[in-house]
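*Asks:* Dropping the structure in here first, questions after.
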Amino acid sequence: MAAQFGRRLRKGAATTAAAALAVAALSASQAPGATSGDTGRQANAGASTSAPDGAGSADGATGNSPYFTDLPPLNSPNPGASPTASSSSIGTAVSRGDAEAGIPATVLDAYKKAEAELRGSKPGCNLPWQLLAAIGKVESGQARGGDVDAEGNTLHRILGPQLDGNGFALIPDTDGGKYDGNGQYDQAVGPMQFIPSTWAWAGRDGNGDGVKDPNNVYDAALAAGHYLCRNGWDLSVQADMNSAILSYNNSQDYLNLVLSWYEFYRKGTHSVPNGTGTLPTHRSDGSTGSGDSGSDGSTTKPTTSAPKPTEPTPSTPSTTPTVPPTATDTVDHLEDAGTATLTATAGDAFGKQISTRAETKAGRAVAKVRVRFTIVGDTDATFSGGENTAAVATDSKGVAVAPALQAGEKTGDFTVHASVVGRTVKGVDYDATVTARAADTLALVNTTAPTCAPGGEFTDQVQAKATYQGAVADKVAATATLIKSADDTSENDKGPYFKDANGNAVRTLTDLQTDADGGLTLPKLYADDTTGTFLLRITTTGGATLTVELTVAAADPSPSPSPSASASASASASPSASASS
């Protein structure tokens with residue numbers, strides 16, 4: 001890959017000495033601090049590269065699949081003579097005749113919508129849509145010149161070669177062929193060339209159709225944006241942008257190329273109709289291909305590019321410098337480093353963190369190795385910071401401690417997978433469980449016993465408060481049932497009742513939940529014509545139980561005066577009795 005990129009540079013610079021200086025200056029100026037003492041490894045070419053700490057793994061988002069190496073024009077886009085400004089124009093207006101500055105309309109719209117979504121969900125990332133455009137250009141030639149429909153779906157599959165370890169990374173099938181049609185090995189898929197194993201956690205629904213599809217440019221662009229905004233990176237800071245790009249594909253050549261296109265698009269661009277974008281012709285694996293990619297990544301449409309100039313045969317055979325092994329090269333496997341049982345209540349932080357140790361074949365600890373922790377499964381749990389993946393370097397004892405886990409509202413089991421960044425070795429899977437919110441105590445808030453006349457309505461609604469270990473128990477599920485007796489907790493078929501939405505009598509409610517203060521207020525209760533004392537039982541997740549007595553009784557009639565009292569009252573009131581006295 002590096003050799004191919006070098007050939008492209010020499011070809012582009014062969015025109016004039018000034019052109020060569022311009023390209024050299026661009027590459028040098030766009031990657032400040034992009035190299036470090038730690039040497040990464042390119043899975044697709046076997047060549048060594050340098051990447052900044054935190055740049056990501058050698059597989060990145062794409063599995064280091066081949067990418068297009070065509071450079072942007074040496075001259076920045078020039079202002080057109082008389083183009084009119086439109087909503088699709090960004091920055092300096094460009095000549096409509098400058099084909100490289102044109103981006104297919106639907107593809108451009110997808111980049112801008114992804115930027116807008118990230119501006120709201122991750123404002124600290126400062127993602128520019130031009131960076132998505134640069135990556136889209138390098139990965140797929142802007143979805144092969146905008147070979148998409150109006151909804152952003154690719155009209156033909158865009159696939160990289162199968163990652164079978166034969167010149168590329170070795171990634172056995174992870175999606176059952178769902179996205180790439182390959183049930184044996186993974187292949188990079190779609191306009192942004194995600195490998196299925198990365199799409200499984202990074203995928204997003206960018207067009208609101210309820211589906212996360214890497215073959216849809218809206219979904220792929222939004223997923224790429226979130227992928228680049230991981231780890232708290234601020235893309236307005238050059239070092240963070242470099243790290244984000246290298247996490248997508250861990251190659252210095254790739255970084256320089258993406259930054260070249262980024263700067264080109266920042267100078268100005270415009271929208272062109274779908275299907276009319278320019279198609280790149282040179283790839284990092286040495287092949288040419290602007291047409292449809294088959295399941296093996298091969299080209300099925302002929303290209304019209306001019307043949308490459310013949311390069312002189314060197315008089316002496318070239319030699320490949322010996323690259324000393326890195327710490328990562330010595331890792332044979334990962335081991336658990338004493339992680340406790342991972343259990344948390346919904347909405348709470350897990351009390352323990354995952355610890356993993358990198359070891360050699362002889363069992364010795366390996367320091368300064370990056371370990372990636374990835375949350376896998378049907379869960380909304382995240383690491384602190386809201387991400388579902390994190391990379392941590394091992395300490396002097398070879399131990400990497402994952403960020404704290406935060407449980408979401410979805411209960412159940414999930415897995416955290418630990419793997420070595422830049423090397424395929426035996427990893428470790430950690431089982432984690434999120435349990436439902438619970439209460440251990442339920443107390444009645446009402447100060448008077450609920451009473452009602454037959455056929456009437458209880459004046460006061462039943463109110464209770466839930467706690468767990470003395471603290472407020474919020475968002476706890478509860479059930480209320482009018483039972484037959486303390487010994488028979490089956491539903492009563494007479495006496496007090498609730499009403500459903502249609503006004504029908506119901507005597508069991510199952511969709512109750514305590515509020516933020518642990519409070520629970522039941523709907524109004526009504527009475528039929530049956531009198532007596534009845535029981536209402538409330539239970540919560542966690543085992544808290546409260547039984548409330550309800551009384552249905554007829555009102556006491558006004559007391560009747562006794563006969564003697566009536567006679568006495570009558571006598572005292574008669575005139576004759578008064579006179580005789």
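Convention: chains lettered A, B, ... in structure tokens order; per-chain residue numbering from 1; ligands numbered from 1 as shown.
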Quick one: contact table of range 379-473 of chain A to range 529-537 of chain A, 12 Å max, nearest atom pair and distance in Å to one decimal per residue, counting only C-alpha atoms, chain and number order, as CSV?
*Replies:*
```
residue,atom,partner,partner_atom,distance
A:Leu442,CA,A:Arg537,CA,10.9
A:Ala443,CA,A:Arg537,CA,11.8
A:Leu444,CA,A:Arg537,CA,11.3
A:Ala449,CA,A:Thr533,CA,11.0
A:Pro450,CA,A:Thr533,CA,10.4
A:Thr451,CA,A:Thr533,CA,9.2
A:Cys452,CA,A:Thr531,CA,9.2
A:Ala453,CA,A:Thr531,CA,8.0
A:Pro454,CA,A:Asp529,CA,4.6
A:Gly455,CA,A:Asp529,CA,5.2
A:Gly456,CA,A:Asp529,CA,8.6
A:Glu457,CA,A:Asp529,CA,11.5
A:Val462,CA,A:Leu536,CA,9.6
A:Gln463,CA,A:Leu536,CA,11.9
A:Ala464,CA,A:Arg537,CA,11.4
```
*Asks:* Contacts of range 128-141 of chain A at 6 Å or less, counting only C-alpha atoms, minus same-chain residues fewer than 2 places along, as an MDAnalysis selection string?
*Replies:* chainID A and resid 67:68 111:112 115 143:145 191:192 258 261:262 265 279:280
*Asks:* Could the residues in this selection be saved with N, CA, C and O atoms as a short mmCIF file (atom, residue, chain, number, x, y, z; two decimals), in the first residue's frame?
*Replies:*
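Just written: result09.cif:
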```
data_model
loop_
_atom_site.label_atom_id
_atom_site.label_comp_id
_atom_site.auth_asym_id
_atom_site.auth_seq_id
_atom_site.Cartn_x
_atom_site.Cartn_y
_atom_site.Cartn_z
N TYR A 67 -8.23 0.82 -0.23
CA TYR A 67 -8.93 2.07 -0.44
C TYR A 67 -8.37 2.75 -1.68
O TYR A 67 -7.30 2.39 -2.18
N PHE A 68 -9.08 3.74 -2.18
CA PHE A 68 -8.65 4.45 -3.38
C PHE A 68 -7.58 5.48 -3.01
O PHE A 68 -7.75 6.25 -2.06
N TYR A 111 -23.93 13.36 4.26
CA TYR A 111 -22.82 13.88 5.06
C TYR A 111 -23.28 15.06 5.91
O TYR A 111 -22.96 15.17 7.10
N LYS A 112 -24.04 15.97 5.29
CA LYS A 112 -24.48 17.17 6.02
C LYS A 112 -25.46 16.82 7.14
O LYS A 112 -25.42 17.40 8.22
N GLU A 115 -23.51 15.45 10.05
CA GLU A 115 -22.89 16.54 10.79
C GLU A 115 -23.91 17.23 11.71
O GLU A 115 -23.63 17.51 12.88
N ALA A 143 -19.55 6.57 -2.84
CA ALA A 143 -20.53 5.55 -3.22
C ALA A 143 -20.52 5.32 -4.72
O ALA A 143 -21.55 5.27 -5.37
N ARG A 144 -19.30 5.17 -5.25
CA ARG A 144 -19.07 4.93 -6.68
C ARG A 144 -19.78 5.98 -7.53
O ARG A 144 -20.62 5.68 -8.37
N GLY A 145 -19.43 7.24 -7.25
CA GLY A 145 -19.97 8.33 -8.05
C GLY A 145 -21.43 8.61 -7.81
O GLY A 145 -22.10 9.23 -8.64
N PRO A 191 -20.86 2.30 1.37
CA PRO A 191 -20.16 3.53 1.00
C PRO A 191 -19.01 3.90 1.94
O PRO A 191 -18.04 4.51 1.52
N MET A 192 -19.14 3.55 3.23
CA MET A 192 -18.09 3.89 4.18
C MET A 192 -17.27 2.67 4.58
O MET A 192 -16.44 2.74 5.48
N VAL A 258 -6.51 11.15 3.39
CA VAL A 258 -7.81 11.67 3.85
C VAL A 258 -7.70 13.17 4.15
O VAL A 258 -8.58 13.96 3.79
N TRP A 261 -7.81 15.24 0.93
CA TRP A 261 -9.16 15.43 0.41
C TRP A 261 -9.98 16.34 1.32
O TRP A 261 -10.80 17.14 0.85
N TYR A 262 -9.77 16.23 2.63
CA TYR A 262 -10.48 17.10 3.57
C TYR A 262 -10.17 18.56 3.29
O TYR A 262 -11.09 19.41 3.20
N TYR A 265 -11.89 19.65 0.00
CA TYR A 265 -13.33 19.91 0.11
C TYR A 265 -13.62 21.13 0.97
O TYR A 265 -14.65 21.80 0.78
N LEU A 279 -15.08 8.89 -10.76
CA LEU A 279 -14.72 7.61 -10.17
C LEU A 279 -13.20 7.49 -10.06
O LEU A 279 -12.48 7.68 -11.04
N PRO A 280 -12.70 7.16 -8.86
CA PRO A 280 -11.25 6.94 -8.71
C PRO A 280 -10.84 5.65 -9.41
O PRO A 280 -11.67 4.80 -9.72
#
```
*Asks:* So that I can check the secondary structure, give me every residue of range 167-409 of chain A assigned strand (DSSP E) by backbone DSSP, as a compact mmCIF listing (two decimals) with all heavy atoms, in the first residue's frame.
*Replies:*
```txt
# COMPACT_ATOMS: atom_id res chain seq x y z
N GLY A 268 -14.04 24.30 -1.02
CA GLY A 268 -15.28 24.50 -1.76
C GLY A 268 -15.71 23.24 -2.47
O GLY A 268 -14.88 22.44 -2.90
N THR A 269 -17.00 23.07 -2.58
CA THR A 269 -17.55 21.92 -3.29
C THR A 269 -18.95 22.25 -3.75
O THR A 269 -19.50 23.31 -3.41
CB THR A 269 -17.55 20.67 -2.39
OG1 THR A 269 -17.91 19.53 -3.17
CG2 THR A 269 -18.54 20.81 -1.25
N HIS A 270 -19.55 21.38 -4.54
CA HIS A 270 -20.92 21.60 -5.00
C HIS A 270 -21.58 20.26 -5.26
O HIS A 270 -20.93 19.22 -5.31
CB HIS A 270 -20.94 22.45 -6.27
CG HIS A 270 -20.20 21.83 -7.42
ND1 HIS A 270 -18.85 22.05 -7.62
CD2 HIS A 270 -20.60 21.01 -8.42
CE1 HIS A 270 -18.46 21.38 -8.69
NE2 HIS A 270 -19.50 20.73 -9.19
N SER A 271 -22.88 20.31 -5.40
CA SER A 271 -23.67 19.10 -5.62
C SER A 271 -23.75 18.79 -7.11
O SER A 271 -23.87 19.69 -7.95
CB SER A 271 -25.08 19.30 -5.06
OG SER A 271 -25.92 18.21 -5.40
N VAL A 272 -23.65 17.49 -7.42
CA VAL A 272 -23.85 17.02 -8.80
C VAL A 272 -24.92 15.92 -8.75
O VAL A 272 -25.15 15.32 -7.71
CB VAL A 272 -22.55 16.48 -9.42
CG1 VAL A 272 -21.50 17.58 -9.50
CG2 VAL A 272 -22.01 15.28 -8.64
N HIS A 333 -1.96 -14.12 24.34
CA HIS A 333 -3.36 -14.25 24.75
C HIS A 333 -3.67 -13.23 25.84
O HIS A 333 -2.76 -12.59 26.40
CB HIS A 333 -3.64 -15.66 25.28
CG HIS A 333 -2.80 -16.02 26.49
ND1 HIS A 333 -1.52 -16.53 26.38
CD2 HIS A 333 -3.04 -15.90 27.82
CE1 HIS A 333 -1.02 -16.73 27.59
NE2 HIS A 333 -1.92 -16.34 28.46
N LEU A 334 -4.94 -13.09 26.12
CA LEU A 334 -5.42 -12.26 27.23
C LEU A 334 -5.99 -13.16 28.31
O LEU A 334 -6.54 -14.23 28.02
CB LEU A 334 -6.50 -11.28 26.76
CG LEU A 334 -6.08 -10.19 25.78
CD1 LEU A 334 -7.29 -9.34 25.40
CD2 LEU A 334 -4.98 -9.31 26.36
N GLU A 335 -5.86 -12.73 29.55
CA GLU A 335 -6.40 -13.46 30.69
C GLU A 335 -7.20 -12.50 31.57
O GLU A 335 -6.87 -11.31 31.65
CB GLU A 335 -5.28 -14.09 31.52
CG GLU A 335 -4.56 -15.25 30.86
CD GLU A 335 -5.38 -16.53 30.84
OE1 GLU A 335 -6.42 -16.58 31.56
OE2 GLU A 335 -4.99 -17.47 30.12
N ASP A 336 -8.21 -13.04 32.25
CA ASP A 336 -8.93 -12.23 33.23
C ASP A 336 -7.99 -11.91 34.38
O ASP A 336 -7.19 -12.76 34.80
CB ASP A 336 -10.16 -12.98 33.73
CG ASP A 336 -10.87 -12.25 34.86
OD1 ASP A 336 -10.99 -11.02 34.76
OD2 ASP A 336 -11.26 -12.90 35.84
N LEU A 342 -20.18 -9.20 37.43
CA LEU A 342 -20.66 -7.92 36.91
C LEU A 342 -22.19 -7.89 36.92
O LEU A 342 -22.84 -8.44 36.03
CB LEU A 342 -20.12 -7.70 35.50
CG LEU A 342 -18.60 -7.64 35.36
CD1 LEU A 342 -18.19 -7.66 33.89
CD2 LEU A 342 -18.05 -6.40 36.05
N THR A 343 -22.75 -7.26 37.93
CA THR A 343 -24.20 -7.13 38.06
C THR A 343 -24.54 -5.73 38.53
O THR A 343 -23.87 -5.18 39.40
CB THR A 343 -24.76 -8.15 39.07
OG1 THR A 343 -24.40 -9.47 38.67
CG2 THR A 343 -26.29 -8.07 39.13
N ALA A 344 -25.57 -5.16 37.92
CA ALA A 344 -26.02 -3.83 38.33
C ALA A 344 -27.52 -3.72 38.12
O ALA A 344 -28.09 -4.39 37.26
CB ALA A 344 -25.30 -2.74 37.55
N THR A 345 -28.13 -2.86 38.90
CA THR A 345 -29.55 -2.56 38.73
C THR A 345 -29.71 -1.56 37.60
O THR A 345 -28.84 -0.70 37.39
CB THR A 345 -30.13 -1.99 40.03
OG1 THR A 345 -29.95 -2.93 41.08
CG2 THR A 345 -31.62 -1.68 39.88
N SER A 355 -10.96 -6.10 34.52
CA SER A 355 -9.50 -6.07 34.46
C SER A 355 -9.02 -7.23 33.60
O SER A 355 -9.42 -8.37 33.82
CB SER A 355 -8.90 -6.18 35.86
OG SER A 355 -9.25 -5.06 36.66
N THR A 356 -8.15 -6.92 32.64
CA THR A 356 -7.63 -7.93 31.72
C THR A 356 -6.11 -7.83 31.67
O THR A 356 -5.55 -6.72 31.65
CB THR A 356 -8.21 -7.71 30.31
OG1 THR A 356 -9.63 -7.75 30.38
CG2 THR A 356 -7.74 -8.79 29.35
N ARG A 357 -5.45 -8.98 31.62
CA ARG A 357 -3.99 -9.00 31.57
C ARG A 357 -3.52 -9.58 30.23
O ARG A 357 -4.00 -10.62 29.78
CB ARG A 357 -3.41 -9.83 32.72
CG ARG A 357 -1.88 -9.82 32.79
CD ARG A 357 -1.35 -10.49 34.04
NE ARG A 357 -1.83 -11.85 34.20
CZ ARG A 357 -2.75 -12.22 35.09
NH1 ARG A 357 -3.30 -11.32 35.89
NH2 ARG A 357 -3.13 -13.48 35.19
N ALA A 358 -2.54 -8.88 29.61
CA ALA A 358 -1.93 -9.36 28.38
C ALA A 358 -0.71 -10.20 28.76
O ALA A 358 0.13 -9.75 29.56
CB ALA A 358 -1.52 -8.18 27.49
N GLU A 359 -0.60 -11.39 28.15
CA GLU A 359 0.48 -12.30 28.51
C GLU A 359 1.16 -12.86 27.27
O GLU A 359 0.55 -13.00 26.20
CB GLU A 359 -0.04 -13.46 29.37
CG GLU A 359 -0.60 -13.04 30.71
CD GLU A 359 -1.05 -14.23 31.54
OE1 GLU A 359 -1.03 -15.36 31.00
OE2 GLU A 359 -1.42 -14.03 32.72
N ARG A 370 -2.31 -2.09 23.87
CA ARG A 370 -3.66 -1.55 23.91
C ARG A 370 -4.68 -2.68 23.83
O ARG A 370 -4.61 -3.54 22.94
CB ARG A 370 -3.88 -0.54 22.78
CG ARG A 370 -3.00 0.69 22.93
CD ARG A 370 -3.34 1.76 21.93
NE ARG A 370 -4.66 2.33 22.16
CZ ARG A 370 -4.97 3.18 23.12
NH1 ARG A 370 -4.06 3.57 23.97
NH2 ARG A 370 -6.19 3.66 23.24
N VAL A 371 -5.61 -2.67 24.76
CA VAL A 371 -6.68 -3.67 24.83
C VAL A 371 -7.99 -2.96 24.55
O VAL A 371 -8.30 -1.93 25.16
CB VAL A 371 -6.71 -4.35 26.21
CG1 VAL A 371 -7.90 -5.31 26.30
CG2 VAL A 371 -5.40 -5.10 26.47
N ARG A 372 -8.76 -3.50 23.62
CA ARG A 372 -10.06 -2.92 23.30
C ARG A 372 -11.15 -3.71 24.02
O ARG A 372 -11.20 -4.93 23.96
CB ARG A 372 -10.33 -2.94 21.80
CG ARG A 372 -11.77 -2.45 21.49
CD ARG A 372 -12.10 -2.44 20.02
NE ARG A 372 -11.38 -1.38 19.34
CZ ARG A 372 -10.41 -1.57 18.46
NH1 ARG A 372 -10.04 -2.79 18.16
NH2 ARG A 372 -9.82 -0.56 17.88
N PHE A 373 -12.05 -2.98 24.69
CA PHE A 373 -13.22 -3.56 25.34
C PHE A 373 -14.45 -3.17 24.54
O PHE A 373 -14.69 -1.98 24.31
CB PHE A 373 -13.33 -3.06 26.79
CG PHE A 373 -12.16 -3.42 27.65
CD1 PHE A 373 -11.10 -2.54 27.82
CD2 PHE A 373 -12.10 -4.65 28.28
CE1 PHE A 373 -10.01 -2.86 28.61
CE2 PHE A 373 -11.01 -4.99 29.08
CZ PHE A 373 -9.96 -4.10 29.25
N THR A 374 -15.23 -4.16 24.13
CA THR A 374 -16.40 -3.91 23.30
C THR A 374 -17.64 -4.54 23.93
O THR A 374 -17.63 -5.73 24.28
CB THR A 374 -16.21 -4.49 21.88
OG1 THR A 374 -15.03 -3.95 21.31
CG2 THR A 374 -17.41 -4.15 21.00
N ILE A 375 -18.69 -3.75 24.11
CA ILE A 375 -19.96 -4.25 24.64
C ILE A 375 -20.73 -4.92 23.52
O ILE A 375 -20.95 -4.32 22.46
CB ILE A 375 -20.78 -3.11 25.26
CG1 ILE A 375 -20.02 -2.50 26.45
CG2 ILE A 375 -22.15 -3.60 25.70
CD1 ILE A 375 -20.68 -1.27 27.03
N VAL A 376 -21.12 -6.16 23.73
CA VAL A 376 -21.80 -6.94 22.70
C VAL A 376 -23.11 -7.46 23.27
O VAL A 376 -23.16 -7.96 24.40
CB VAL A 376 -20.92 -8.13 22.24
CG1 VAL A 376 -21.63 -8.91 21.15
CG2 VAL A 376 -19.57 -7.64 21.75
N THR A 382 -23.49 1.11 28.67
CA THR A 382 -22.36 1.78 28.03
C THR A 382 -21.20 1.89 29.02
O THR A 382 -21.37 1.66 30.22
CB THR A 382 -22.72 3.19 27.55
OG1 THR A 382 -23.07 4.01 28.69
CG2 THR A 382 -23.88 3.16 26.57
N PHE A 383 -20.04 2.24 28.49
CA PHE A 383 -18.95 2.65 29.36
C PHE A 383 -19.19 4.10 29.77
O PHE A 383 -19.98 4.82 29.13
CB PHE A 383 -17.61 2.52 28.65
CG PHE A 383 -17.19 1.10 28.38
CD1 PHE A 383 -17.11 0.62 27.08
CD2 PHE A 383 -16.88 0.25 29.42
CE1 PHE A 383 -16.73 -0.68 26.82
CE2 PHE A 383 -16.51 -1.07 29.18
CZ PHE A 383 -16.43 -1.54 27.88
N THR A 389 -17.50 1.07 23.25
CA THR A 389 -16.17 0.51 23.05
C THR A 389 -15.15 1.43 23.68
O THR A 389 -15.36 2.65 23.76
CB THR A 389 -15.87 0.32 21.55
OG1 THR A 389 -14.60 -0.32 21.39
CG2 THR A 389 -15.85 1.63 20.81
N ALA A 390 -14.04 0.87 24.14
CA ALA A 390 -12.99 1.67 24.76
C ALA A 390 -11.67 0.92 24.60
O ALA A 390 -11.62 -0.31 24.66
CB ALA A 390 -13.27 1.91 26.25
N ALA A 391 -10.59 1.66 24.37
CA ALA A 391 -9.25 1.08 24.26
C ALA A 391 -8.39 1.61 25.40
O ALA A 391 -8.32 2.82 25.64
CB ALA A 391 -8.63 1.43 22.91
N VAL A 392 -7.72 0.69 26.12
CA VAL A 392 -6.94 1.04 27.30
C VAL A 392 -5.58 0.34 27.20
O VAL A 392 -5.50 -0.83 26.84
CB VAL A 392 -7.65 0.61 28.60
CG1 VAL A 392 -6.84 1.00 29.82
CG2 VAL A 392 -9.04 1.23 28.67
N ALA A 393 -4.51 1.05 27.53
CA ALA A 393 -3.17 0.47 27.51
C ALA A 393 -2.90 -0.30 28.80
O ALA A 393 -3.33 0.11 29.89
CB ALA A 393 -2.13 1.57 27.33
N VAL A 399 -1.74 -5.20 32.95
CA VAL A 399 -3.19 -5.16 33.21
C VAL A 399 -3.82 -3.90 32.62
O VAL A 399 -3.29 -2.79 32.81
CB VAL A 399 -3.47 -5.23 34.72
CG1 VAL A 399 -4.97 -5.07 35.00
CG2 VAL A 399 -2.96 -6.54 35.30
N ALA A 400 -4.91 -4.10 31.92
CA ALA A 400 -5.73 -2.99 31.42
C ALA A 400 -7.07 -3.02 32.14
O ALA A 400 -7.72 -4.07 32.18
CB ALA A 400 -5.93 -3.10 29.91
N VAL A 401 -7.46 -1.89 32.69
CA VAL A 401 -8.73 -1.78 33.42
C VAL A 401 -9.71 -0.98 32.57
O VAL A 401 -9.45 0.17 32.22
CB VAL A 401 -8.54 -1.11 34.79
CG1 VAL A 401 -9.88 -1.01 35.52
CG2 VAL A 401 -7.54 -1.89 35.63
N LEU A 405 -18.60 0.59 33.85
CA LEU A 405 -19.81 0.27 33.09
C LEU A 405 -21.01 0.96 33.71
O LEU A 405 -21.14 1.02 34.94
CB LEU A 405 -20.05 -1.23 33.06
CG LEU A 405 -19.29 -2.06 32.03
CD1 LEU A 405 -19.45 -3.56 32.34
CD2 LEU A 405 -19.78 -1.77 30.63
N GLN A 406 -21.89 1.47 32.87
CA GLN A 406 -23.12 2.12 33.32
C GLN A 406 -24.30 1.36 32.75
O GLN A 406 -24.42 1.21 31.53
CB GLN A 406 -23.17 3.58 32.85
CG GLN A 406 -24.47 4.29 33.15
CD GLN A 406 -24.69 4.51 34.65
OE1 GLN A 406 -23.77 4.84 35.37
NE2 GLN A 406 -25.93 4.32 35.10
```
*Asks:* Any idea what's packed within 9 Å of Ala381 in chain A, counting only C-alpha atoms, ignoring anything in its chain fewer than 3 positions away? Could you give it as a list of chain:residue names?
*Replies:*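 Surrounding residues, per the criterion: A:Ala346, A:Gly347, A:Ile375, A:Gly386, A:Glu387, A:Asn388, A:Leu405, A:Gln406, A:Ala407, A:Gly408, A:Glu409, A:Lys410, A:Phe414, A:Val434.
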*Asks:* Take the selection from the previous step and output its residues with N, CA and C atoms, as an mmCIF file, in the first residue's frame.
*Replies:*
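Final output, saved to out-v2.cif:
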```cif
data_model
loop_
_atom_site.group_PDB
_atom_site.id
_atom_site.type_symbol
_atom_site.label_atom_id
_atom_site.label_comp_id
_atom_site.auth_asym_id
_atom_site.auth_seq_id
_atom_site.Cartn_x
_atom_site.Cartn_y
_atom_site.Cartn_z
ATOM 1 N N ALA A 346 -30.792 -1.671 36.860
ATOM 2 C CA ALA A 346 -31.049 -0.752 35.751
ATOM 3 C C ALA A 346 -30.877 0.693 36.194
ATOM 4 N N GLY A 347 -30.113 1.447 35.380
ATOM 5 C CA GLY A 347 -29.885 2.850 35.676
ATOM 6 C C GLY A 347 -28.727 3.130 36.606
ATOM 7 N N ILE A 375 -18.689 -3.752 24.108
ATOM 8 C CA ILE A 375 -19.958 -4.251 24.645
ATOM 9 C C ILE A 375 -20.726 -4.916 23.518
ATOM 10 N N GLY A 386 -20.630 7.232 27.653
ATOM 11 C CA GLY A 386 -21.689 6.925 26.696
ATOM 12 C C GLY A 386 -21.278 6.095 25.512
ATOM 13 N N GLU A 387 -20.050 5.570 25.479
ATOM 14 C CA GLU A 387 -19.595 4.768 24.348
ATOM 15 C C GLU A 387 -19.727 3.283 24.668
ATOM 16 N N ASN A 388 -19.798 2.447 23.608
ATOM 17 C CA ASN A 388 -19.844 1.007 23.840
ATOM 18 C C ASN A 388 -18.551 0.307 23.449
ATOM 19 N N LEU A 405 -18.603 0.588 33.850
ATOM 20 C CA LEU A 405 -19.807 0.275 33.087
ATOM 21 C C LEU A 405 -21.011 0.962 33.713
ATOM 22 N N GLN A 406 -21.890 1.474 32.866
ATOM 23 C CA GLN A 406 -23.118 2.119 33.319
ATOM 24 C C GLN A 406 -24.300 1.356 32.751
ATOM 25 N N ALA A 407 -25.162 0.832 33.616
ATOM 26 C CA ALA A 407 -26.335 0.097 33.158
ATOM 27 C C ALA A 407 -27.371 1.049 32.588
ATOM 28 N N GLY A 408 -28.061 0.620 31.537
ATOM 29 C CA GLY A 408 -29.182 1.372 30.988
ATOM 30 C C GLY A 408 -30.479 0.890 31.613
ATOM 31 N N GLU A 409 -31.571 1.094 30.913
ATOM 32 C CA GLU A 409 -32.869 0.673 31.427
ATOM 33 C C GLU A 409 -33.239 -0.729 30.960
ATOM 34 N N LYS A 410 -32.545 -1.241 29.946
ATOM 35 C CA LYS A 410 -32.859 -2.567 29.411
ATOM 36 C C LYS A 410 -32.226 -3.635 30.301
ATOM 37 N N PHE A 414 -25.550 -9.398 28.890
ATOM 38 C CA PHE A 414 -24.765 -9.004 27.729
ATOM 39 C C PHE A 414 -23.318 -9.390 27.984
ATOM 40 N N VAL A 434 -27.862 -6.920 33.867
ATOM 41 C CA VAL A 434 -28.601 -5.764 34.375
ATOM 42 C C VAL A 434 -29.932 -6.267 34.914
#
```
*Asks:* Kindly provide the residues of range 398-489 of chain A that approach range 504-526 of chain A to within 8 Å, each paired with its closest atom pair and their distance in Å to one decimal, based on only C-alpha atoms, listed by chain and increasing number, as a Markdown table.
*Replies:*
```
| residue | atom | partner | partner_atom | distance |
| --- | --- | --- | --- | --- |
| A:Cys452 | CA | A:Tyr526 | CA | 7.9 |
| A:Gly455 | CA | A:Tyr526 | CA | 7.2 |
| A:Gly456 | CA | A:Tyr526 | CA | 6.0 |
| A:Glu457 | CA | A:Tyr526 | CA | 4.4 |
| A:Phe458 | CA | A:Leu525 | CA | 5.5 |
| A:Asp460 | CA | A:Lys524 | CA | 7.6 |
| A:Gln461 | CA | A:Lys524 | CA | 5.4 |
| A:Val462 | CA | A:Leu522 | CA | 5.5 |
| A:Gln463 | CA | A:Thr521 | CA | 4.5 |
| A:Ala464 | CA | A:Leu520 | CA | 5.2 |
| A:Lys465 | CA | A:Gly519 | CA | 4.5 |
| A:Ala466 | CA | A:Gly518 | CA | 5.0 |
| A:Thr467 | CA | A:Gly518 | CA | 6.6 |
| A:Val472 | CA | A:Gly518 | CA | 5.3 |
| A:Ala473 | CA | A:Gly518 | CA | 4.9 |
| A:Asp474 | CA | A:Gly518 | CA | 4.5 |
| A:Lys475 | CA | A:Thr514 | CA | 4.9 |
| A:Val476 | CA | A:Gln513 | CA | 5.3 |
| A:Ala477 | CA | A:Gln513 | CA | 4.5 |
| A:Ala478 | CA | A:Leu512 | CA | 4.9 |
| A:Thr479 | CA | A:Thr510 | CA | 4.6 |
| A:Ala480 | CA | A:Leu509 | CA | 5.1 |
| A:Thr481 | CA | A:Thr508 | CA | 4.3 |
| A:Leu482 | CA | A:Arg507 | CA | 5.4 |
```
*Asks:* For Asn216 in chain A, which residue out of A:Asn502, A:Asn256, A:Gln193, A:Thr435 is the nearest one, using only C-alpha atoms?
*Replies:*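 Of A:Asn502, A:Asn256, A:Gln193, A:Thr435, the one nearest Asn216 in chain A is A:Gln193, counting only C-alpha atoms.
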*Asks:* I'd like the interatomic distance between CA of Asp440 in chain A and CA of Ile538 in chain A, to a tenth of an Å.
*Replies:* 12.4 Å
